[in-house]
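> This is the content of coords37.cif (mmCIF, C-alpha atoms):
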data_data
#
loop_
_atom_site.label_atom_id
_atom_site.label_comp_id
_atom_site.auth_asym_id
_atom_site.auth_seq_id
_atom_site.Cartn_x
_atom_site.Cartn_y
_atom_site.Cartn_z
CA MET A 1 -130.20 -31.15 -35.09
CA ILE A 2 -131.53 -34.48 -33.89
CA ALA A 3 -134.41 -34.04 -31.49
CA LEU A 4 -133.74 -37.09 -29.32
CA PRO A 5 -130.81 -39.47 -29.05
CA PHE A 6 -131.01 -42.49 -31.35
CA ALA A 7 -134.26 -41.15 -32.91
CA THR A 8 -132.84 -41.94 -36.33
CA LEU A 9 -132.67 -45.65 -35.56
CA PRO A 10 -135.80 -47.67 -36.32
CA PRO A 11 -137.11 -49.04 -33.00
CA LEU A 12 -137.22 -52.79 -32.59
CA ARG A 13 -140.05 -54.23 -30.50
CA ARG A 14 -138.52 -56.12 -27.59
CA PRO A 15 -139.61 -57.51 -24.18
CA GLY A 16 -139.68 -55.41 -21.01
CA VAL A 17 -136.73 -53.56 -19.52
CA ARG A 18 -136.02 -56.10 -16.78
CA LEU A 19 -135.99 -59.00 -19.21
CA VAL A 20 -133.71 -57.19 -21.66
CA LEU A 21 -131.29 -56.24 -18.88
CA SER A 22 -131.34 -59.81 -17.58
CA LEU A 23 -130.57 -61.18 -21.03
CA LEU A 24 -127.75 -58.69 -21.51
CA ALA A 25 -126.32 -59.60 -18.11
CA ALA A 26 -126.50 -63.30 -19.02
CA LEU A 27 -124.80 -62.60 -22.36
CA THR A 28 -122.05 -60.62 -20.60
CA PHE A 29 -121.50 -63.43 -18.10
CA GLY A 30 -121.44 -65.98 -20.92
CA ALA A 31 -118.85 -63.99 -22.88
CA PHE A 32 -116.74 -63.56 -19.73
CA ALA A 33 -116.89 -67.28 -18.97
CA LEU A 34 -116.00 -68.10 -22.59
CA THR A 35 -112.82 -66.04 -22.42
CA LEU A 36 -111.76 -67.87 -19.27
CA SER A 37 -112.46 -71.30 -20.73
CA CYS A 38 -111.31 -70.96 -24.34
CA GLY A 39 -108.23 -69.69 -26.10
CA ARG A 40 -105.60 -71.58 -27.98
CA GLY A 41 -106.83 -74.49 -25.90
CA CYS A 42 -110.09 -75.02 -24.02
CA LEU A 43 -110.74 -75.96 -20.41
CA SER A 44 -113.90 -77.36 -18.87
CA PRO A 45 -115.92 -75.21 -16.43
CA GLU A 46 -114.77 -77.47 -13.60
CA GLN A 47 -111.12 -76.92 -14.52
CA VAL A 48 -111.65 -73.15 -14.66
CA LEU A 49 -113.28 -73.12 -11.22
CA LEU A 50 -110.45 -75.19 -9.75
CA ALA A 51 -107.89 -72.84 -11.28
CA LEU A 52 -109.67 -69.75 -9.94
CA THR A 53 -109.95 -71.18 -6.42
CA GLY A 54 -106.26 -72.06 -6.38
CA ALA A 55 -106.72 -75.81 -6.00
CA PRO A 56 -103.33 -77.60 -5.85
CA GLY A 57 -102.30 -79.08 -9.19
CA ALA A 58 -105.25 -77.57 -11.07
CA GLU A 59 -104.79 -77.91 -14.82
CA GLY A 60 -104.34 -74.56 -16.57
CA ALA A 61 -104.05 -72.63 -13.30
CA PHE A 62 -101.41 -70.26 -14.66
CA VAL A 63 -103.20 -69.69 -17.95
CA VAL A 64 -106.53 -68.94 -16.29
CA ALA A 65 -105.43 -66.96 -13.24
CA GLU A 66 -102.48 -65.06 -14.67
CA LEU A 67 -103.32 -64.61 -18.36
CA ARG A 68 -107.05 -64.92 -19.05
CA LEU A 69 -108.60 -63.58 -15.84
CA PRO A 70 -106.85 -60.17 -15.76
CA ARG A 71 -107.56 -59.65 -19.45
CA SER A 72 -111.24 -60.54 -19.07
CA VAL A 73 -111.77 -58.49 -15.90
CA LEU A 74 -110.12 -55.40 -17.43
CA GLY A 75 -112.13 -55.83 -20.63
CA LEU A 76 -115.38 -56.16 -18.67
CA LEU A 77 -114.78 -53.08 -16.51
CA ALA A 78 -113.48 -50.94 -19.36
CA GLY A 79 -116.39 -51.94 -21.59
CA VAL A 80 -118.94 -50.96 -18.95
CA SER A 81 -117.13 -47.64 -18.41
CA PHE A 82 -117.05 -46.83 -22.12
CA GLY A 83 -120.71 -47.79 -22.52
CA LEU A 84 -121.90 -45.69 -19.58
CA GLY A 85 -119.77 -42.68 -20.53
CA GLY A 86 -120.81 -42.77 -24.16
CA VAL A 87 -124.56 -43.07 -23.60
CA ALA A 88 -124.42 -40.34 -20.93
CA PHE A 89 -122.98 -37.88 -23.45
CA GLN A 90 -125.38 -38.97 -26.19
CA THR A 91 -128.42 -38.63 -23.93
CA MET A 92 -127.34 -35.31 -22.44
CA LEU A 93 -126.67 -33.74 -25.85
CA ARG A 94 -129.62 -35.49 -27.53
CA ASN A 95 -127.42 -36.65 -30.39
CA PRO A 96 -126.15 -40.19 -31.14
CA LEU A 97 -122.96 -38.73 -32.64
CA ALA A 98 -121.98 -37.05 -29.36
CA SER A 99 -119.78 -39.82 -27.98
CA PRO A 100 -116.31 -39.36 -26.43
CA ASP A 101 -114.80 -40.86 -29.59
CA ILE A 102 -116.23 -38.00 -31.66
CA ILE A 103 -115.98 -34.94 -29.40
CA GLY A 104 -112.33 -35.17 -28.39
CA ILE A 105 -112.18 -36.90 -25.00
CA SER A 106 -110.51 -40.05 -26.33
CA ALA A 107 -108.29 -38.00 -28.67
CA SER A 108 -107.05 -35.87 -25.75
CA ALA A 109 -106.13 -38.92 -23.69
CA GLY A 110 -104.37 -40.45 -26.70
CA ALA A 111 -102.38 -37.31 -27.53
CA ALA A 112 -101.34 -36.89 -23.91
CA ALA A 113 -100.22 -40.52 -23.66
CA VAL A 114 -98.12 -40.23 -26.83
CA PHE A 115 -96.57 -37.00 -25.50
CA ALA A 116 -95.76 -38.74 -22.21
CA ILE A 117 -94.16 -41.71 -23.99
CA VAL A 118 -92.27 -39.87 -26.75
CA ILE A 119 -91.29 -36.56 -25.14
CA LEU A 120 -91.27 -37.26 -21.41
CA SER A 121 -90.08 -40.90 -21.70
CA LEU A 122 -92.65 -42.06 -19.15
CA ASP A 123 -94.22 -45.49 -18.89
CA GLY A 124 -96.69 -47.49 -16.83
CA TRP A 125 -99.05 -45.70 -14.47
CA LEU A 126 -97.45 -42.30 -15.17
CA VAL A 127 -98.68 -42.46 -18.76
CA SER A 128 -102.14 -43.35 -17.49
CA LEU A 129 -102.09 -40.43 -15.04
CA VAL A 130 -101.17 -37.97 -17.80
CA ALA A 131 -103.92 -39.39 -20.04
CA VAL A 132 -106.58 -39.00 -17.32
CA ALA A 133 -105.49 -35.43 -16.56
CA ALA A 134 -105.60 -34.52 -20.24
CA GLY A 135 -109.05 -36.03 -20.71
CA LEU A 136 -110.44 -34.03 -17.80
CA GLY A 137 -108.63 -30.86 -18.90
CA VAL A 138 -109.89 -31.00 -22.48
CA ALA A 139 -113.43 -31.70 -21.25
CA VAL A 140 -113.27 -28.52 -19.16
CA LEU A 141 -111.90 -26.61 -22.16
CA ILE A 142 -114.67 -27.81 -24.47
CA TRP A 143 -117.27 -27.02 -21.84
CA ALA A 144 -115.88 -23.50 -21.36
CA LEU A 145 -115.75 -22.78 -25.11
CA SER A 146 -119.35 -23.93 -25.53
CA ALA A 147 -120.65 -22.14 -22.41
CA ARG A 148 -122.57 -19.53 -24.40
CA GLY A 149 -124.70 -22.30 -25.82
CA GLY A 150 -125.50 -23.68 -22.40
CA GLY A 151 -122.96 -26.48 -22.78
CA ALA A 152 -125.31 -28.57 -24.93
CA GLY A 153 -126.25 -29.32 -28.47
CA ALA A 154 -124.47 -28.54 -31.72
CA ARG A 155 -122.09 -25.98 -30.23
CA LEU A 156 -120.39 -28.42 -27.87
CA ILE A 157 -120.30 -31.19 -30.47
CA LEU A 158 -118.74 -29.01 -33.18
CA ILE A 159 -116.17 -27.56 -30.78
CA GLY A 160 -115.34 -31.08 -29.62
CA ILE A 161 -114.86 -32.27 -33.20
CA GLY A 162 -112.54 -29.32 -33.89
CA VAL A 163 -110.49 -29.97 -30.75
CA SER A 164 -110.32 -33.66 -31.64
CA ALA A 165 -108.97 -32.84 -35.11
CA MET A 166 -106.25 -30.60 -33.64
CA LEU A 167 -105.24 -33.26 -31.12
CA ASP A 168 -105.10 -35.91 -33.83
CA SER A 169 -102.68 -33.65 -35.72
CA VAL A 170 -100.52 -33.30 -32.61
CA THR A 171 -100.50 -37.07 -32.19
CA ALA A 172 -99.51 -37.59 -35.84
CA TYR A 173 -96.65 -35.11 -35.53
CA LEU A 174 -95.34 -36.71 -32.34
CA LEU A 175 -95.40 -40.14 -33.95
CA LEU A 176 -93.60 -38.81 -37.03
CA GLU A 177 -90.76 -37.40 -34.93
CA ALA A 178 -90.57 -40.24 -32.40
CA PRO A 179 -87.78 -42.85 -32.31
CA ALA A 180 -88.77 -46.27 -33.62
CA TRP A 181 -89.05 -47.89 -30.16
CA ASP A 182 -91.18 -45.11 -28.71
CA ARG A 183 -93.31 -45.05 -31.86
CA ALA A 184 -94.09 -48.75 -31.52
CA GLU A 185 -95.04 -48.34 -27.84
CA ALA A 186 -97.23 -45.31 -28.59
CA MET A 187 -98.98 -47.06 -31.48
CA ARG A 188 -99.70 -50.08 -29.28
CA TRP A 189 -101.32 -47.80 -26.71
CA LEU A 190 -103.26 -45.78 -29.30
CA THR A 191 -104.75 -48.88 -30.89
CA GLY A 192 -106.57 -49.93 -27.73
CA SER A 193 -105.46 -53.29 -26.41
CA LEU A 194 -105.83 -55.69 -23.50
CA ASN A 195 -102.42 -57.27 -24.13
CA GLY A 196 -100.37 -57.63 -20.98
CA ALA A 197 -103.37 -56.81 -18.78
CA GLN A 198 -102.90 -57.13 -15.01
CA LEU A 199 -105.43 -57.07 -12.21
CA THR A 200 -103.73 -53.99 -10.77
CA GLN A 201 -104.74 -52.08 -13.92
CA ALA A 202 -108.37 -52.98 -13.28
CA LEU A 203 -108.46 -51.51 -9.77
CA PRO A 204 -108.63 -47.82 -10.84
CA VAL A 205 -111.29 -48.70 -13.42
CA ALA A 206 -113.35 -50.51 -10.78
CA GLY A 207 -112.98 -47.53 -8.45
CA SER A 208 -114.10 -45.10 -11.15
CA LEU A 209 -117.15 -47.28 -11.84
CA LEU A 210 -118.14 -47.14 -8.19
CA LEU A 211 -117.58 -43.39 -7.92
CA PHE A 212 -118.63 -42.02 -11.30
CA GLY A 213 -121.13 -44.78 -12.05
CA GLY A 214 -122.79 -43.98 -8.74
CA LEU A 215 -122.87 -40.29 -9.67
CA LEU A 216 -124.55 -41.16 -12.97
CA ALA A 217 -127.07 -43.36 -11.16
CA CYS A 218 -127.97 -40.48 -8.84
CA THR A 219 -128.34 -38.14 -11.83
CA ALA A 220 -130.18 -40.56 -14.13
CA ARG A 221 -133.66 -39.18 -13.42
CA ASN A 222 -132.60 -35.56 -14.03
CA LEU A 223 -130.81 -36.66 -17.19
CA GLU A 224 -134.02 -38.14 -18.54
CA VAL A 225 -135.90 -34.91 -17.73
CA LEU A 226 -133.19 -32.90 -19.49
CA ARG A 227 -134.08 -34.63 -22.75
CA LEU A 228 -137.36 -32.70 -22.75
CA GLY A 229 -135.56 -29.37 -23.08
CA ASP A 230 -134.19 -26.79 -20.66
CA ASP A 231 -137.46 -24.93 -20.16
CA THR A 232 -139.40 -28.08 -19.34
CA ALA A 233 -136.61 -29.32 -17.07
CA GLU A 234 -136.60 -26.08 -15.10
CA ALA A 235 -140.39 -26.21 -14.81
CA LEU A 236 -140.02 -29.70 -13.29
CA GLY A 237 -137.45 -28.50 -10.77
CA VAL A 238 -134.29 -29.70 -12.55
CA ASN A 239 -131.29 -27.38 -12.91
CA PRO A 240 -130.02 -28.02 -16.50
CA ASP A 241 -126.51 -26.58 -16.04
CA ARG A 242 -125.92 -28.41 -12.77
CA THR A 243 -127.16 -31.67 -14.28
CA ARG A 244 -124.92 -31.28 -17.34
CA LEU A 245 -121.92 -30.54 -15.13
CA ARG A 246 -122.49 -33.69 -13.05
CA VAL A 247 -123.08 -35.87 -16.10
CA THR A 248 -120.02 -34.47 -17.88
CA LEU A 249 -117.80 -35.03 -14.83
CA ALA A 250 -119.03 -38.60 -14.41
CA ALA A 251 -118.82 -39.50 -18.12
CA VAL A 252 -115.36 -37.99 -18.60
CA GLY A 253 -114.09 -39.71 -15.45
CA LEU A 254 -115.35 -43.09 -16.64
CA VAL A 255 -113.99 -42.76 -20.17
CA ALA A 256 -110.66 -41.16 -19.24
CA ILE A 257 -109.74 -43.73 -16.57
CA ALA A 258 -110.80 -46.65 -18.78
CA THR A 259 -108.80 -45.17 -21.67
CA ALA A 260 -105.78 -44.80 -19.41
CA ALA A 261 -105.96 -48.53 -18.61
CA THR A 262 -106.60 -49.96 -22.09
CA GLY A 263 -105.97 -47.18 -24.58
CA PRO A 264 -108.80 -45.64 -26.62
CA ILE A 265 -110.72 -48.73 -27.77
CA ALA A 266 -112.42 -47.37 -30.85
CA PHE A 267 -116.20 -46.89 -31.12
CA VAL A 268 -117.24 -48.80 -28.00
CA ALA A 269 -118.58 -45.64 -26.36
CA PHE A 270 -120.18 -44.68 -29.68
CA LEU A 271 -121.84 -48.04 -30.40
CA SER A 272 -123.13 -49.04 -26.97
CA GLY A 273 -125.92 -46.47 -26.65
CA PRO A 274 -127.55 -46.93 -30.07
CA ILE A 275 -127.44 -50.73 -29.77
CA ALA A 276 -128.96 -50.60 -26.28
CA ALA A 277 -131.65 -48.16 -27.46
CA ARG A 278 -132.73 -50.57 -30.17
CA LEU A 279 -133.04 -53.40 -27.67
CA LEU A 280 -135.11 -51.55 -25.07
CA PRO A 281 -138.76 -50.59 -25.56
CA GLY A 282 -138.11 -47.13 -24.04
CA SER A 283 -135.41 -44.99 -22.48
CA LYS A 284 -135.75 -46.52 -19.01
CA GLY A 285 -132.71 -48.58 -18.10
CA LEU A 286 -130.72 -47.25 -21.06
CA LEU A 287 -127.63 -46.42 -18.98
CA TRP A 288 -127.27 -49.95 -17.61
CA ALA A 289 -128.10 -51.60 -20.92
CA ALA A 290 -125.41 -49.52 -22.65
CA GLY A 291 -122.87 -50.48 -20.00
CA LEU A 292 -123.57 -54.19 -20.53
CA VAL A 293 -123.45 -53.77 -24.32
CA GLY A 294 -120.07 -52.06 -23.96
CA ALA A 295 -118.75 -54.96 -21.89
CA VAL A 296 -119.91 -57.49 -24.49
CA LEU A 297 -118.35 -55.47 -27.32
CA VAL A 298 -114.94 -55.33 -25.64
CA ILE A 299 -114.87 -58.94 -24.40
CA VAL A 300 -116.15 -60.47 -27.65
CA GLY A 301 -114.06 -58.10 -29.79
CA ASP A 302 -110.91 -59.08 -27.92
CA PHE A 303 -111.72 -62.79 -28.23
CA ILE A 304 -112.29 -62.44 -31.98
CA GLY A 305 -109.08 -60.48 -32.44
CA GLN A 306 -107.02 -62.98 -30.49
CA PHE A 307 -108.38 -66.34 -31.62
CA LEU A 308 -110.79 -66.17 -34.57
CA LEU A 309 -108.71 -64.26 -37.14
CA PRO A 310 -105.63 -65.37 -39.09
CA ALA A 311 -103.43 -62.89 -37.18
CA ARG A 312 -103.74 -61.68 -33.60
CA LEU A 313 -105.19 -58.18 -33.54
CA PRO A 314 -105.84 -55.75 -30.66
CA VAL A 315 -109.44 -55.30 -29.63
CA GLY A 316 -109.41 -51.70 -30.88
CA VAL A 317 -108.86 -52.90 -34.45
CA VAL A 318 -111.89 -55.21 -34.26
CA THR A 319 -114.23 -52.63 -32.71
CA GLY A 320 -113.01 -50.01 -35.17
CA ALA A 321 -113.80 -52.29 -38.10
CA VAL A 322 -117.35 -52.67 -36.77
CA GLY A 323 -117.84 -49.07 -35.66
CA ALA A 324 -116.78 -47.23 -38.81
CA PRO A 325 -119.51 -48.74 -41.05
CA PHE A 326 -122.04 -48.17 -38.28
CA LEU A 327 -121.09 -44.48 -38.19
CA LEU A 328 -121.70 -44.20 -41.93
CA TYR A 329 -125.03 -46.00 -41.53
CA LEU A 330 -126.07 -43.63 -38.77
CA ILE A 331 -125.19 -40.55 -40.84
CA ILE A 332 -127.23 -41.90 -43.77
CA ARG A 333 -130.18 -42.54 -41.45
CA VAL A 334 -129.95 -38.97 -40.13
CA ASN A 335 -129.97 -37.52 -43.66
CA LYS A 336 -132.90 -39.68 -44.74
CA ASN A 337 -134.91 -38.46 -41.77
CA GLY A 338 -134.16 -34.84 -42.51
CA GLY A 339 -131.64 -34.30 -39.71
CA ALA A 340 -128.67 -31.99 -40.05
CA LEU A 341 -125.28 -32.87 -38.64
#
The structure given in the file should be rewritten as structure tokens.

Amino acid sequence: MIALPFATLPPLRRPGVRLVLSLLAALTFGAFALTLSCGRGCLSPEQVLLALTGAPGAEGAFVVAELRLPRSVLGLLAGVSFGLGGVAFQTMLRNPLASPDIIGISASAGAAAVFAIVILSLDGWLVSLVAVAAGLGVAVLIWALSARGGGAGARLILIGIGVSAMLDSVTAYLLLEAPAWDRAEAMRWLTGSLNGAQLTQALPVAGSLLLFGGLLACTARNLEVLRLGDDTAEALGVNPDRTRLRVTLAAVGLVAIATAATGPIAFVAFLSGPIAARLLPGSKGLLWAAGLVGAVLVIVGDFIGQFLLPARLPVGVVTGAVGAPFLLYLIIRVNKNGGAL
């Protein structure tokens, strides 16, 4: 297996951690501001500020405050959540393929949401609640099945891939048997989209970032030590199983709640960590860099899908089109370097 996460990617020499994080933050802010200013028509920064502050008679007030702002805020928060959750899994398992997209977390939330829509005839926040519960439940199941291997490495990844395949089959069956209206609603959710976003949808995602992001921040040092191996971690006073449990809880919470709000936006959790690792000179600051990369991927992907293509496409279609070739590239890099998947 791969010795360290992202070891198969050729390192790119870049400036220091603080500068890279500052540049990523500036890029994220720029992308966010772009989505507020531009769409089918563009507004000046002054017009956007007037619209956001609720100035009487501000041009484009409805478009900015009611349409663009909720979409951009939800995309930003979900992107950070996917980025943090994905890189946490990849670092903990020391494998760049170990993202929630691959090991079944996203598939479980998707299957549960389709079941809630097609079989239980639920909608709105009830679908999101079922998706979050399923993501957490499947994470516990995968952890329990891989417990003999210490909850890390190839065992957990392979079990997660198997569970993901079974859940994808369940989803396909439910869609095949679903009425046309329910099928369309389920497919819209499964694609991963920011269409119809509201600020109320962003509140649970913001709360999960504060709670689970804070838990990851408190565990970041132990997570770095865990990369050296269980024996070394124990010698340095770190409990490997306790650290993995905390990281898994935080990462699953972030990904499941973001997925419940936007649907499973493909490959954002998978792409964020490797891209961030290539930008940073070392592993320090990787969590935060991956979160910012995830935000940029979602915001820019949604803007491209809405305004730069002949037809309007959900953000999940755009990120999937980018992520699938990257997955093939990563597998080729692993094989060239003698790794085994």
> If the PyMOL selection byres ((chain A and resi 35-47) around 8) is run on the structure shown, which residues does it catch, given as a PyMOL selection string?
chain A and resi 31-34+48-51+58-60+64+68-69+72+299+303+307
> Would you list the contacts of Val87 of chain A as a ChimeraX atom specification, taking every protein, DNA or RNA residue within 9 Å and counting all atoms listed in the file, but skipping same-chain residues closer than 5 positions in sequence?
/A:82,92,96,98-99,251,269-274,286-287,290-291
> Restricting the calculation to all atoms listed in the file: of A:Ala165, A:Ala131, A:Leu27, A:Ala217, which residue gets closest to Val300 of chain A?
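Of the candidates, the smallest distance to Val300 of chain A is held by A:Leu27.
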> With only C-alpha atoms as the basis for distance, which of A:Gly316, A:Gly83, A:Pro56, A:Gly253 is at the shortest distance from Val293 of chain A?
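Comparing A:Gly316, A:Gly83, A:Pro56, A:Gly253 against Val293 of chain A, the winner is A:Gly83.
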> For this file, the PyMOL selection byres ((chain A and resi 110-126) around 8) selects which residues, as number ranges by chain?
A: 106-109, 127-131, 134, 167-168, 170-171, 174-175, 178-179, 182-183, 185-186, 189-190, 263-264
